[in-house]
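> I am attaching a structure below and will ask some questions about it afterwards.
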Amino acid sequence: MDIRSLCASAAQSRHELAASTAAQRSEAVDFIADALMHQQDAILNANSADLSAATQLSASLRDRLTLNPERVQLMAADLRRVAELPDPLGEVMEQRVLDNGLRLSRRRVPVGTLAVVYEARPNVTTDIAALALRSGNALVLRGGKETRLSNAALLACVHAGMSKAGLPTTAVVALPGETRSEVDQLLTMHESIDLLIPRGGQALQDHCRRHAQMAVVFGGIGICHLYWAPSADADRSLAVIANAKVQRPTVCNALDTVLLHRD
């Protein structure tokens, strides 16, 4: 299926997904977590093949790409936490009665169809899918070519969970991730994509800012600072600093800079 057809497929499924129940969407995410654990060997084999092909990656990028049993278990645990979140849809944010008696309210509803472009982080595949499902949004994924096989194995788990919960699997699709031209094509799919979210470095964000034909939300690109004041508890501060950096130094939200107060 070509890129236009994939995007159209997701867009056509957004209404069915938006009309699904909160229980269905929550169950789907739980079922995806189950599938990750049941298909752990297949996921790790696919990831091993990706790693074997990624001979030119830096050590930090290889670490982001690497999956192991512990990381798969953490991915599943993250999904279960998402499944337990309150349902975001239908919440009344504001309401009032106009002078003519008309009742006006502002409610949370799905955006529609999201597209997310990201790099060599296979765990993002399931994270984004879970958040999209819980919020009732269809999704088009475009991961990095380095994670192509890993992402395919993870997408199979996503579809298994969605199918078991009675949700249309066409609501979450992925581009092949083989060429950079896919991103350029995706940026023109304004008739199908309502919102684009690029997760990557400054070059990717600048490219999307210049060429996207739909609304774009940009994520952070790092610059993670911590400010320490003299009034802070020293032991607790050291524990926070160590956790923010040492837990996993290669990820984009690892601590970059500690600012110390000086009188």
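Every chain in the structure tokens takes a letter, A first, then B, and so on in the order presented; its residues are numbered from 1, and the ligands are numbered from 1 following the presented order.
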What are the closest atom pairs, with distances in Å to one decimal, for all residues of segment 120-182 of chain A lying within 10 Å of segment 93-112 of chain A? Consider only C-alpha atoms, order rows by chain and residue number, and present the result as a Markdown table.

| residue | atom | partner | partner_atom | distance |
| --- | --- | --- | --- | --- |
| A:Ala132 | CA | A:Pro110 | CA | 9.0 |
| A:Leu133 | CA | A:Pro110 | CA | 9.8 |
| A:Arg134 | CA | A:Pro110 | CA | 9.7 |
| A:Ser135 | CA | A:Pro110 | CA | 6.1 |
| A:Gly136 | CA | A:Pro110 | CA | 5.5 |
| A:Asn137 | CA | A:Gly112 | CA | 5.2 |
| A:Ala138 | CA | A:Gly112 | CA | 6.2 |
| A:Leu139 | CA | A:Gly112 | CA | 8.6 |
> Include C-alpha atoms and write out the residues we just selected as an mmCIF file, in the first residue's frame.

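Once written, out_18.cif looks like this:
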data_model
loop_
_atom_site.group_PDB
_atom_site.id
_atom_site.type_symbol
_atom_site.label_atom_id
_atom_site.label_comp_id
_atom_site.auth_asym_id
_atom_site.auth_seq_id
_atom_site.Cartn_x
_atom_site.Cartn_y
_atom_site.Cartn_z
ATOM 1 C CA ALA A 132 -3.234 7.876 20.469
ATOM 2 C CA LEU A 133 -5.619 5.036 21.253
ATOM 3 C CA ARG A 134 -6.500 6.327 24.717
ATOM 4 C CA SER A 135 -7.260 9.756 23.228
ATOM 5 C CA GLY A 136 -9.297 8.287 20.363
ATOM 6 C CA ASN A 137 -6.973 9.433 17.583
ATOM 7 C CA ALA A 138 -5.993 7.515 14.466
ATOM 8 C CA LEU A 139 -2.247 7.342 13.901
#
> Tell me, as a ChimeraX atom specification, which residues lie within 8 Å of segment 229-237 of chain A, counting only C-alpha atoms; anything in the same chain fewer than 3 positions away does not count.
/A:240-241,260-261
> Just N, CA and C atoms for this one: save the residues we selected as a PDB file, in the first residue's frame.

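Result saved to part-v3.pdb:
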ATOM      1  N   VAL A 240      18.298  13.038  42.946  1.00  0.00           N
ATOM      2  CA  VAL A 240      17.547  13.481  41.767  1.00  0.00           C
ATOM      3  C   VAL A 240      18.489  13.674  40.583  1.00  0.00           C
ATOM      4  N   ILE A 241      19.630  14.311  40.825  1.00  0.00           N
ATOM      5  CA  ILE A 241      20.597  14.560  39.751  1.00  0.00           C
ATOM      6  C   ILE A 241      21.114  13.248  39.172  1.00  0.00           C
ATOM      7  N   LEU A 260      24.083  25.794  39.663  1.00  0.00           N
ATOM      8  CA  LEU A 260      24.242  25.941  41.108  1.00  0.00           C
ATOM      9  C   LEU A 260      24.107  27.409  41.503  1.00  0.00           C
ATOM     10  N   HIS A 261      23.293  27.670  42.497  1.00  0.00           N
ATOM     11  CA  HIS A 261      23.115  29.040  42.984  1.00  0.00           C
ATOM     12  C   HIS A 261      24.396  29.522  43.669  1.00  0.00           C
TER      13      HIS A 261
END
> Give me the residues within 6 Å of segment 157-170 of chain A as a PyMOL selection string, counting only C-alpha atoms and dropping any in the same chain fewer than 3 places off.
chain A and resi 10+24+28+31-32+35+154
> Can you write just those residues out, C-alpha atoms, as a PDB file, in the first residue's frame?

ATOM      1  CA  ALA A  10      -6.068   5.713   9.009  1.00  0.00           C
ATOM      2  CA  GLN A  24     -12.378  -0.597  24.681  1.00  0.00           C
ATOM      3  CA  ALA A  28      -6.661  -2.363  23.800  1.00  0.00           C
ATOM      4  CA  PHE A  31      -3.841  -6.192  25.402  1.00  0.00           C
ATOM      5  CA  ILE A  32      -0.906  -4.574  23.578  1.00  0.00           C
ATOM      6  CA  ALA A  35       1.224  -9.021  23.301  1.00  0.00           C
ATOM      7  CA  LEU A 154       5.902  -3.905  17.653  1.00  0.00           C
TER       8      LEU A 154
END
> Taking the DSSP secondary structure from the backbone, can you list the residues of segment 81-222 of chain A that are strand (DSSP E), as a ChimeraX atom specification?
/A:92-97,103-107,113-118,138-142,172-174,195-199,215-216
> Which is closest to Ala23 of chain A among A:His207, A:Thr257, A:Gln73, A:Leu89, if we use only C-alpha atoms?
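Closest to Ala23 of chain A of all the choices is A:Leu89.
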> Taking the backbone alone, and naming residues the way the document does, which bits of segment 1-94 of chain A are helix (DSSP H, G or I) by DSSP, as a PyMOL selection string?
chain A and resi 3-18+22-38+40-53+59-65+69-83
> Do you have the atom CA of Leu51 of chain A-atom CA of Arg121 of chain A distance handy?
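Value for the atom CA of Leu51 of chain A-atom CA of Arg121 of chain A distance: 12.2 Å.
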> Just checking: using only C-alpha atoms, which residue out of A:Gln12, A:Ser60, A:Asn123, A:Ser26 ends up closest to Ile43 of chain A?
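Result for the nearest residue to Ile43 of chain A: A:Asn123.
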> Which polymer residues have any atom within 7 Å of an atom of Leu255 of chain A, counting only C-alpha atoms, with same-chain residues fewer than 3 positions away left out, as a list in words?
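Once the nearby chain positions are removed, what remains is Cys224, His225, Ala244 and Lys245 of chain A.
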